[in-house]
file run-v1.tsv (TSV, C-alpha atoms)
chain	number	residue	atom	x	y	z
A	1	MET	CA	0.00	0.00	0.00
A	2	THR	CA	2.78	2.43	0.87
A	3	LYS	CA	4.51	1.61	-2.40
A	4	LYS	CA	1.35	2.61	-4.28
A	5	LEU	CA	1.29	5.93	-2.43
A	6	ILE	CA	4.90	6.62	-3.46
A	7	GLY	CA	4.19	5.66	-7.07
A	8	LEU	CA	1.17	7.92	-7.32
A	9	GLY	CA	3.15	10.76	-5.79
A	10	LEU	CA	5.91	10.33	-8.36
A	11	ILE	CA	3.59	10.41	-11.36
A	12	ALA	CA	1.80	13.42	-9.90
A	13	PHE	CA	5.02	15.41	-9.96
A	14	TRP	CA	6.31	13.92	-13.25
A	15	SER	CA	3.10	14.53	-15.18
A	16	LEU	CA	3.73	18.19	-15.94
A	17	PRO	CA	5.08	18.90	-19.42
A	18	SER	CA	7.76	21.54	-19.52
A	19	LEU	CA	6.72	24.90	-20.91
A	20	GLY	CA	9.21	27.57	-21.77
A	21	GLN	CA	9.68	31.24	-22.30
A	22	THR	CA	8.81	33.77	-25.01
A	23	CYS	CA	5.82	33.30	-27.36
A	24	SER	CA	5.33	29.75	-25.98
A	25	CYS	CA	8.43	28.64	-27.89
A	26	ALA	CA	10.05	26.61	-25.08
A	27	GLY	CA	13.21	28.67	-24.89
A	28	ALA	CA	14.22	27.15	-21.56
A	29	PRO	CA	11.98	24.21	-20.62
A	30	LEU	CA	12.83	24.23	-16.94
A	31	ILE	CA	10.08	25.90	-14.94
A	32	SER	CA	7.90	22.79	-14.62
A	33	ALA	CA	10.56	20.13	-15.09
A	34	GLN	CA	11.33	19.65	-11.42
A	35	ARG	CA	9.46	17.02	-9.37
A	36	ALA	CA	10.20	18.45	-5.93
A	37	GLY	CA	9.73	16.75	-2.59
A	38	THR	CA	9.78	13.01	-3.43
A	39	ASN	CA	13.28	11.84	-2.38
A	40	GLY	CA	14.15	9.95	0.78
A	41	ALA	CA	17.33	10.48	2.78
A	42	GLY	CA	20.36	9.30	0.82
A	43	GLU	CA	18.35	8.61	-2.31
A	44	LEU	CA	19.71	9.79	-5.66
A	45	VAL	CA	17.38	9.96	-8.68
A	46	VAL	CA	18.74	10.59	-12.18
A	47	GLY	CA	16.37	11.28	-15.05
A	48	LEU	CA	16.68	11.78	-18.79
A	49	THR	CA	13.84	13.37	-20.76
A	50	TYR	CA	13.36	14.03	-24.46
A	51	GLN	CA	10.63	16.51	-25.35
A	52	HIS	CA	9.21	17.69	-28.67
A	53	HIS	CA	7.39	21.02	-28.59
A	54	GLU	CA	5.47	21.66	-31.82
A	55	ILE	CA	4.72	25.34	-32.51
A	56	SER	CA	2.98	25.24	-35.90
A	57	ARG	CA	0.02	27.53	-35.29
A	58	VAL	CA	-0.23	31.32	-35.37
A	59	PHE	CA	-2.71	33.15	-33.15
A	60	ALA	CA	-3.89	36.73	-32.89
A	61	GLY	CA	-5.47	37.04	-29.47
A	62	THR	CA	-7.80	34.03	-29.20
A	63	ARG	CA	-8.21	33.66	-32.97
A	64	ARG	CA	-6.18	31.24	-35.01
A	65	ILE	CA	-5.23	32.91	-38.28
A	66	GLY	CA	-4.63	31.26	-41.64
A	67	LYS	CA	-0.96	32.03	-41.95
A	68	GLU	CA	1.00	28.98	-40.83
A	69	THR	CA	4.58	28.56	-39.74
A	70	GLU	CA	6.81	25.53	-39.26
A	71	ARG	CA	8.45	25.70	-35.87
A	72	ALA	CA	9.56	23.24	-33.22
A	73	THR	CA	11.77	23.03	-30.15
A	74	LYS	CA	13.42	19.72	-29.23
A	75	SER	CA	14.88	19.47	-25.75
A	76	THR	CA	16.92	16.86	-23.91
A	77	LEU	CA	16.93	17.34	-20.14
A	78	LEU	CA	19.16	15.71	-17.55
A	79	GLU	CA	17.75	15.84	-14.01
A	80	VAL	CA	19.57	14.96	-10.79
A	81	HIS	CA	17.73	14.86	-7.43
A	82	TYR	CA	19.31	14.00	-4.10
A	83	GLY	CA	17.64	13.59	-0.71
A	84	ILE	CA	19.73	15.25	1.99
A	85	THR	CA	17.18	14.20	4.62
A	86	ASP	CA	13.71	12.66	4.43
A	87	ARG	CA	12.33	16.17	4.00
A	88	LEU	CA	15.10	18.24	2.40
A	89	SER	CA	16.36	17.61	-1.13
A	90	VAL	CA	18.44	19.38	-3.76
A	91	SER	CA	17.90	19.15	-7.52
A	92	SER	CA	19.50	20.33	-10.73
A	93	THR	CA	18.48	20.24	-14.38
A	94	LEU	CA	20.67	20.69	-17.46
A	95	ASN	CA	19.33	20.75	-20.99
A	96	PHE	CA	20.36	20.69	-24.62
A	97	VAL	CA	17.99	22.42	-26.99
A	98	GLN	CA	17.45	22.54	-30.76
A	99	LYS	CA	15.16	25.11	-32.38
A	100	ASP	CA	13.88	24.89	-35.95
A	101	ARG	CA	11.92	27.59	-37.74
A	102	THR	CA	10.72	27.94	-41.33
A	103	THR	CA	8.90	31.07	-42.49
A	104	GLY	CA	7.06	31.75	-45.75
A	105	THR	CA	5.08	28.51	-45.49
A	106	ASP	CA	1.85	30.18	-46.65
A	107	GLY	CA	3.24	30.52	-50.19
A	108	SER	CA	3.18	34.33	-50.22
A	109	ASN	CA	6.86	34.75	-49.40
A	110	ASP	CA	10.14	33.02	-50.07
A	111	ARG	CA	10.73	30.18	-47.67
A	112	SER	CA	13.47	30.79	-45.14
A	113	ALA	CA	14.72	28.11	-42.75
A	114	LEU	CA	16.73	28.62	-39.57
A	115	SER	CA	17.99	26.06	-37.07
A	116	THR	CA	19.95	26.66	-33.87
A	117	SER	CA	21.16	24.31	-31.15
A	118	GLY	CA	23.30	24.28	-28.05
A	119	VAL	CA	23.46	23.82	-24.31
A	120	GLY	CA	20.55	25.61	-22.66
A	121	ASP	CA	20.25	27.20	-19.23
A	122	ALA	CA	20.48	25.23	-15.97
A	123	LEU	CA	18.34	25.08	-12.86
A	124	VAL	CA	19.50	24.48	-9.27
A	125	PHE	CA	16.77	23.93	-6.73
A	126	VAL	CA	16.17	23.15	-3.06
A	127	SER	CA	12.84	21.73	-1.85
A	128	TYR	CA	11.43	20.95	1.58
A	129	THR	CA	8.54	18.61	2.44
A	130	LEU	CA	6.20	20.19	4.96
A	131	PHE	CA	3.83	17.21	5.19
A	132	LYS	CA	4.71	13.67	4.17
A	133	GLN	CA	2.15	11.26	2.78
A	134	SER	CA	1.69	7.87	4.47
A	135	LEU	CA	-1.02	5.31	5.16
A	136	TRP	CA	-2.31	7.49	8.00
A	137	LYS	CA	-1.60	10.93	6.52
A	138	HIS	CA	-3.19	11.51	3.14
A	139	ASN	CA	-1.69	14.90	2.28
A	140	HIS	CA	1.73	15.67	0.82
A	141	VAL	CA	2.92	19.29	0.72
A	142	SER	CA	6.31	20.53	-0.43
A	143	VAL	CA	7.76	23.94	-1.25
A	144	GLY	CA	10.96	25.00	-2.96
A	145	ALA	CA	13.05	27.76	-4.44
A	146	GLY	CA	15.97	27.97	-6.82
A	147	VAL	CA	17.75	29.86	-9.55
A	148	LYS	CA	18.00	29.47	-13.30
A	149	ALA	CA	21.61	30.05	-14.34
A	150	PRO	CA	22.48	31.39	-17.83
A	151	PHE	CA	24.59	28.46	-19.03
A	152	GLY	CA	23.23	28.64	-22.57
A	153	SER	CA	24.47	31.01	-25.23
A	154	SER	CA	22.36	34.05	-26.01
A	155	SER	CA	24.71	35.52	-28.63
A	156	LEU	CA	24.39	33.25	-31.69
A	157	ARG	CA	24.63	35.11	-34.99
A	158	ARG	CA	23.63	34.60	-38.62
A	159	ASP	CA	25.25	36.60	-41.41
A	160	GLY	CA	26.92	38.72	-38.74
A	161	LEU	CA	23.66	39.67	-37.02
A	162	ARG	CA	22.65	38.42	-33.60
A	163	LEU	CA	19.55	36.21	-33.70
A	164	ASN	CA	16.35	37.11	-31.89
A	165	ALA	CA	16.08	36.07	-28.25
A	166	ASP	CA	13.51	33.33	-28.97
A	167	MET	CA	15.97	31.48	-31.25
A	168	GLN	CA	18.86	31.49	-28.78
A	169	PRO	CA	19.62	28.31	-26.76
A	170	GLY	CA	19.83	30.34	-23.53
A	171	THR	CA	18.24	33.44	-22.08
A	172	GLY	CA	21.38	35.14	-20.74
A	173	SER	CA	19.72	36.01	-17.43
A	174	TRP	CA	19.61	34.80	-13.85
A	175	ASP	CA	16.02	34.00	-12.84
A	176	GLY	CA	14.40	33.18	-9.50
A	177	ILE	CA	12.14	30.11	-9.34
A	178	PHE	CA	9.53	29.35	-6.66
A	179	MET	CA	7.16	26.40	-6.44
A	180	ALA	CA	4.72	24.48	-4.26
A	181	ASN	CA	3.25	20.99	-4.65
A	182	TRP	CA	0.27	19.30	-3.01
A	183	SER	CA	-1.25	15.85	-3.39
A	184	HIS	CA	-4.03	14.03	-1.54
A	185	SER	CA	-4.44	10.27	-1.45
A	186	MET	CA	-7.99	8.89	-1.39
A	187	LEU	CA	-6.99	5.52	0.08
A	188	PRO	CA	-8.58	3.27	1.25
A	189	ARG	CA	-11.70	4.23	-0.73
A	190	THR	CA	-9.78	4.30	-4.01
A	191	LYS	CA	-6.18	4.14	-5.22
A	192	ALA	CA	-6.55	7.52	-6.95
A	193	SER	CA	-4.98	10.75	-5.73
A	194	ILE	CA	-5.55	14.42	-6.50
A	195	PHE	CA	-2.61	16.74	-7.05
A	196	ALA	CA	-1.95	20.42	-7.63
A	197	SER	CA	1.15	22.44	-8.34
A	198	ALA	CA	2.17	26.08	-8.63
A	199	ARG	CA	5.33	27.51	-10.24
A	200	PHE	CA	6.55	31.09	-10.57
A	201	ARG	CA	9.57	32.44	-12.42
A	202	TYR	CA	10.89	35.95	-11.81
A	203	SER	CA	13.05	36.93	-14.78
A	204	GLY	CA	16.35	38.74	-14.69
A	205	THR	CA	17.79	40.94	-17.43
A	206	ASN	CA	20.22	40.05	-20.20
A	207	GLU	CA	22.54	42.73	-21.56
A	208	ARG	CA	22.55	41.48	-25.15
A	209	PHE	CA	24.98	43.89	-26.79
A	210	THR	CA	25.88	46.63	-24.35
A	211	SER	CA	24.77	47.81	-20.93
A	212	THR	CA	22.21	50.01	-22.69
A	213	ASP	CA	20.65	47.14	-24.67
A	214	ARG	CA	18.81	45.00	-22.13
A	215	TYR	CA	16.34	42.18	-22.81
A	216	ARG	CA	14.03	40.74	-20.17
A	217	PHE	CA	11.65	37.81	-20.63
A	218	GLY	CA	8.25	38.21	-19.02
A	219	ASN	CA	7.60	36.72	-15.59
A	220	GLU	CA	5.80	33.39	-15.81
A	221	SER	CA	3.20	31.64	-13.64
A	222	PHE	CA	2.20	28.01	-14.00
A	223	PHE	CA	-0.60	26.11	-12.22
A	224	SER	CA	-1.84	22.56	-12.54
A	225	LEU	CA	-4.66	20.44	-11.14
A	226	GLY	CA	-5.14	16.76	-11.87
A	227	VAL	CA	-5.81	13.22	-10.78
A	228	ALA	CA	-3.50	10.19	-10.79
A	229	ASN	CA	-4.31	6.51	-10.40
A	230	SER	CA	-2.49	3.17	-10.50
A	231	ALA	CA	-3.20	0.23	-12.78
A	232	GLY	CA	-1.89	-2.88	-11.11
A	233	THR	CA	1.42	-2.83	-9.22
A	234	LYS	CA	3.68	-1.34	-11.91
A	235	ALA	CA	1.63	1.09	-14.01
A	236	ALA	CA	0.04	4.45	-13.26
A	237	TYR	CA	-1.61	7.21	-15.22
A	238	SER	CA	-2.74	10.79	-14.74
A	239	LEU	CA	-4.69	13.61	-16.34
A	240	ALA	CA	-3.99	17.26	-15.53
A	241	PHE	CA	-5.32	20.66	-16.50
A	242	LEU	CA	-2.55	23.23	-16.87
A	243	PHE	CA	-2.79	27.01	-16.75
A	244	ARG	CA	0.16	29.15	-17.80
A	245	ALA	CA	0.40	32.94	-17.86
A	246	SER	CA	3.36	34.86	-19.24
A	247	ARG	CA	3.89	38.61	-19.08
A	248	GLN	CA	5.21	40.50	-22.09
A	249	ASP	CA	8.95	40.60	-22.72
A	250	LYS	CA	10.75	43.92	-22.43
A	251	ARG	CA	13.64	45.53	-24.23
A	252	ASN	CA	15.08	48.55	-22.46
A	253	ASP	CA	11.89	48.69	-20.34
A	254	ALA	CA	9.68	48.89	-23.46
A	255	ARG	CA	7.15	46.08	-23.86
A	256	ILE	CA	7.54	43.86	-26.92
A	257	ILE	CA	4.13	43.61	-28.59
A	258	ASN	CA	4.03	40.03	-29.87
A	259	THR	CA	4.96	38.27	-26.62
A	260	GLY	CA	3.11	37.00	-23.58
A	261	GLY	CA	-0.28	35.45	-23.13
A	262	ARG	CA	-2.37	32.80	-21.36
A	263	TRP	CA	-2.76	29.13	-22.09
A	264	ILE	CA	-4.96	26.31	-20.77
A	265	SER	CA	-3.89	22.78	-21.70
A	266	VAL	CA	-4.87	19.17	-21.05
A	267	ALA	CA	-1.95	16.89	-20.20
A	268	PRO	CA	-2.29	13.07	-20.03
A	269	SER	CA	0.56	10.90	-18.74
A	270	VAL	CA	1.38	7.22	-18.20
A	271	GLN	CA	4.17	5.66	-16.16
A	272	TYR	CA	5.52	2.10	-15.90
A	273	SER	CA	8.05	0.64	-13.46
A	274	LEU	CA	10.53	-1.52	-15.34
A	275	SER	CA	12.11	-2.48	-12.02
A	276	PRO	CA	12.01	-1.28	-8.38
A	277	LYS	CA	14.60	1.33	-9.34
A	278	THR	CA	13.71	2.17	-12.96
A	279	ASP	CA	10.66	4.03	-14.27
A	280	VAL	CA	9.65	5.14	-17.75
A	281	ARG	CA	7.09	7.83	-18.37
A	282	MET	CA	5.34	9.18	-21.47
A	283	GLY	CA	3.24	12.32	-21.48
A	284	GLY	CA	2.25	15.39	-23.40
A	285	GLY	CA	-0.06	18.34	-23.60
A	286	VAL	CA	-2.57	19.93	-25.98
A	287	PRO	CA	-3.84	23.53	-25.59
A	288	VAL	CA	-7.62	23.87	-25.35
A	289	PHE	CA	-7.60	27.66	-24.94
A	290	GLN	CA	-5.05	30.38	-25.60
A	291	LYS	CA	-5.17	34.14	-25.53
A	292	LEU	CA	-2.00	35.75	-26.85
A	293	ARG	CA	-0.84	39.34	-26.99
A	294	GLY	CA	-0.46	40.53	-30.56
A	295	THR	CA	0.22	37.94	-33.26
A	296	GLN	CA	2.64	35.11	-32.52
A	297	PRO	CA	3.27	31.40	-33.03
A	298	SER	CA	1.84	29.17	-30.35
A	299	THR	CA	1.88	25.60	-29.13
A	300	SER	CA	0.19	22.86	-31.15
A	301	PHE	CA	1.21	20.05	-28.80
A	302	THR	CA	4.01	18.76	-26.60
A	303	ALA	CA	5.17	15.14	-26.28
A	304	ALA	CA	7.85	13.71	-23.99
A	305	VAL	CA	9.39	10.44	-22.86
A	306	SER	CA	11.41	10.12	-19.62
A	307	PHE	CA	13.56	7.52	-17.90
A	308	PHE	CA	14.36	7.69	-14.17
A	309	TYR	CA	16.76	5.55	-12.16
A	310	LYS	CA	16.99	5.51	-8.36
A	311	PHE	CA	20.23	4.99	-6.42
A	312	ALA	CA	20.60	4.70	-2.63
A	313	LYS	CA	23.44	4.51	-0.14
A	314	SER	CA	22.36	1.02	0.85
A	315	GLU	CA	19.46	-1.38	0.58
A	316	GLN	CA	18.44	-0.31	4.09
A	317	VAL	CA	17.46	3.08	2.70
A	318	PHE	CA	14.96	1.51	0.32
A	319	SER	CA	13.69	-0.89	2.98
A	320	LYS	CA	13.10	1.97	5.39
A	321	ARG	CA	11.21	3.93	2.76
A	322	ARG	CA	8.90	1.00	1.97
A	323	LEU	CA	7.99	0.68	5.63
A	324	GLU	CA	7.12	4.36	6.14

call {"tool": "encode", "arguments": {"input": "run-v1.tsv", "output": "structure tokens"}}
result
Amino acid sequence: MTKKLIGLGLIAFWSLPSLGQTCSCAGAPLISAQRAGTNGAGELVVGLTYQHHEISRVFAGTRRIGKETERATKSTLLEVHYGITDRLSVSSTLNFVQKDRTTGTDGSNDRSALSTSGVGDALVFVSYTLFKQSLWKHNHVSVGAGVKAPFGSSSLRRDGLRLNADMQPGTGSWDGIFMANWSHSMLPRTKASIFASARFRYSGTNERFTSTDRYRFGNESFFSLGVANSAGTKAAYSLAFLFRASRQDKRNDARIINTGGRWISVAPSVQYSLSPKTDVRMGGGVPVFQKLRGTQPSTSFTAAVSFFYKFAKSEQVFSKRRLE
């Protein structure tokens, strides 16, 4: 029974597809990548995720317009989570990103293709579990805070000109990240659990060319609400509703028109335990509502596959966790 609680908690925090910065183009898919508050003392979890973010629709406000674009962001994320104590853990995420964009796909202009790739930004994070879930305590609550470090390049050029910020692998800024997670087990009535999550990113400023040419991505808020359930002893699944709001980007304190907006998405996810230490997860997301500022490309869908492997100092660590 306790093992089922742990499994449902894991899929609750792994079921959130990563959404990025600037015109929903997944510039740094880190804000919702962390699954905070699930490690035991001495436990090390390493994860590898590949995500495809399709951005092939153009919206003006809430209206999808006829002009199409071909655009996608492909991200590979490496996550490392370590439990310092049963309640305190530290996490980091590194990513490699590739961005592809083709304009002139409506036939009215010459086609122009652009592709960039490189190491993206990194996230370092500390989380603390306020309430731990068990057979007798149905609620899990964790909070955390961290920083996004500008590891990725934000100065790539083409024909001698620096590319726009949304085509750079990195953002060039230090950002503050804050989050909170909650889940509620409905055992013994049912194996299902309800979960919710909140994320907030406060953006720093990137001096792109000189100290008088500053670019700042809009602050971003991310909320989710969903339900997870198990299917047998090894499989689990979830369905979440995601709300994301992004403020407009700024350049030298002037708002950039075609940036920012609000999105509501549906995100299904399935997880399977290949072994007691190895899990595989597949998930994605599809927007059901979006309201964008100005005219900009927006998400068509996201799809991701993840592998996670758990290490521990000794077998006693795992035995202790099963008996909690």

call {"tool": "closest_residue", "arguments": {"input": "run-v1.tsv", "among": "A:Phe222, A:Phe131, A:Phe59, A:Phe96", "to": "Ser300 in chain A", "atoms": "only C-alpha atoms"}}
result
A:Phe59

call {"tool": "residues_near_point", "arguments": {"input": "run-v1.tsv", "point": "(15.0, 18.0, -16.0)", "cutoff": "6 Å", "atoms": "all atoms listed in the file", "output": "number ranges by chain"}}
result
A: 33, 77-79, 93

call {"tool": "atom_distance", "arguments": {"input": "run-v1.tsv", "atom1": "CA of Tyr82 in chain A", "atom2": "CA of Gly42 in chain A"}}
result
6.9 Å

call {"tool": "closest_residue", "arguments": {"input": "run-v1.tsv", "among": "A:Ile257, A:Val280, A:Leu163, A:Ile194", "to": "Ala240 in chain A", "atoms": "only C-alpha atoms"}}
result
A:Ile194

call {"tool": "atom_distance", "arguments": {"input": "run-v1.tsv", "atom1": "CA of Leu274 in chain A", "atom2": "CA of Ala304 in chain A"}}
result
17.7 Å

call {"tool": "residues_around", "arguments": {"input": "run-v1.tsv", "residues": "Asn219 in chain A", "least_positions_apart": "6", "cutoff": "12 Å", "atoms": "all atoms listed in the file", "output": "ChimeraX atom specification"}}
result
/A:20-22,31,175-178,199-205,244-250,259-261

call {"tool": "closest_residue", "arguments": {"input": "run-v1.tsv", "among": "A:Ala198, A:Leu292, A:Val97, A:Ala312", "to": "Arg63 in chain A", "atoms": "all atoms listed in the file"}}
result
A:Leu292

call {"tool": "closest_residue", "arguments": {"input": "run-v1.tsv", "among": "A:Val45, A:Val58, A:Ala145, A:Val119", "to": "Ser75 in chain A", "atoms": "only C-alpha atoms"}}
result
A:Val119

call {"tool": "atom_distance", "arguments": {"input": "run-v1.tsv", "atom1": "CA of Leu187 in chain A", "atom2": "CA of His138 in chain A"}}
result
7.7 Å

call {"tool": "residues_around", "arguments": {"input": "run-v1.tsv", "residues": "Ser153 in chain A", "least_positions_apart": "3", "cutoff": "8 Å", "atoms": "all atoms listed in the file", "output": "list in words"}}
result
Gly118, Val119, Gly120, Pro150, Leu156, Gln168, Pro169, Gly170, Thr171 and Gly172 of chain A

call {"tool": "closest_residue", "arguments": {"input": "run-v1.tsv", "among": "A:Phe243, A:Phe289, A:Tyr237, A:Tyr128", "to": "Asn181 in chain A", "atoms": "all atoms listed in the file"}}
result
A:Tyr128

call {"tool": "decode", "arguments": {"input": "run-v1.tsv", "residues": "range 282-316 of chain A", "atoms": "C-alpha atoms", "output": "PDB file, in the first residue's frame"}}
result
ATOM      1  CA  MET A 282       5.341   9.182 -21.466  1.00  0.00           C
ATOM      2  CA  GLY A 283       3.245  12.324 -21.484  1.00  0.00           C
ATOM      3  CA  GLY A 284       2.251  15.386 -23.401  1.00  0.00           C
ATOM      4  CA  GLY A 285      -0.065  18.339 -23.595  1.00  0.00           C
ATOM      5  CA  VAL A 286      -2.569  19.931 -25.976  1.00  0.00           C
ATOM      6  CA  PRO A 287      -3.843  23.529 -25.587  1.00  0.00           C
ATOM      7  CA  VAL A 288      -7.621  23.868 -25.355  1.00  0.00           C
ATOM      8  CA  PHE A 289      -7.597  27.656 -24.944  1.00  0.00           C
ATOM      9  CA  GLN A 290      -5.052  30.378 -25.597  1.00  0.00           C
ATOM     10  CA  LYS A 291      -5.174  34.143 -25.529  1.00  0.00           C
ATOM     11  CA  LEU A 292      -1.996  35.754 -26.845  1.00  0.00           C
ATOM     12  CA  ARG A 293      -0.844  39.339 -26.993  1.00  0.00           C
ATOM     13  CA  GLY A 294      -0.455  40.535 -30.556  1.00  0.00           C
ATOM     14  CA  THR A 295       0.218  37.937 -33.258  1.00  0.00           C
ATOM     15  CA  GLN A 296       2.637  35.113 -32.523  1.00  0.00           C
ATOM     16  CA  PRO A 297       3.272  31.400 -33.032  1.00  0.00           C
ATOM     17  CA  SER A 298       1.840  29.174 -30.347  1.00  0.00           C
ATOM     18  CA  THR A 299       1.884  25.603 -29.134  1.00  0.00           C
ATOM     19  CA  SER A 300       0.193  22.861 -31.147  1.00  0.00           C
ATOM     20  CA  PHE A 301       1.209  20.049 -28.799  1.00  0.00           C
ATOM     21  CA  THR A 302       4.008  18.758 -26.598  1.00  0.00           C
ATOM     22  CA  ALA A 303       5.171  15.143 -26.281  1.00  0.00           C
ATOM     23  CA  ALA A 304       7.846  13.714 -23.989  1.00  0.00           C
ATOM     24  CA  VAL A 305       9.393  10.439 -22.861  1.00  0.00           C
ATOM     25  CA  SER A 306      11.408  10.122 -19.624  1.00  0.00           C
ATOM     26  CA  PHE A 307      13.563   7.518 -17.899  1.00  0.00           C
ATOM     27  CA  PHE A 308      14.359   7.687 -14.172  1.00  0.00           C
ATOM     28  CA  TYR A 309      16.759   5.555 -12.161  1.00  0.00           C
ATOM     29  CA  LYS A 310      16.994   5.513  -8.360  1.00  0.00           C
ATOM     30  CA  PHE A 311      20.231   4.990  -6.421  1.00  0.00           C
ATOM     31  CA  ALA A 312      20.597   4.695  -2.633  1.00  0.00           C
ATOM     32  CA  LYS A 313      23.439   4.514  -0.138  1.00  0.00           C
ATOM     33  CA  SER A 314      22.364   1.020   0.848  1.00  0.00           C
ATOM     34  CA  GLU A 315      19.464  -1.382   0.582  1.00  0.00           C
ATOM     35  CA  GLN A 316      18.436  -0.310   4.089  1.00  0.00           C
TER      36      GLN A 316
END
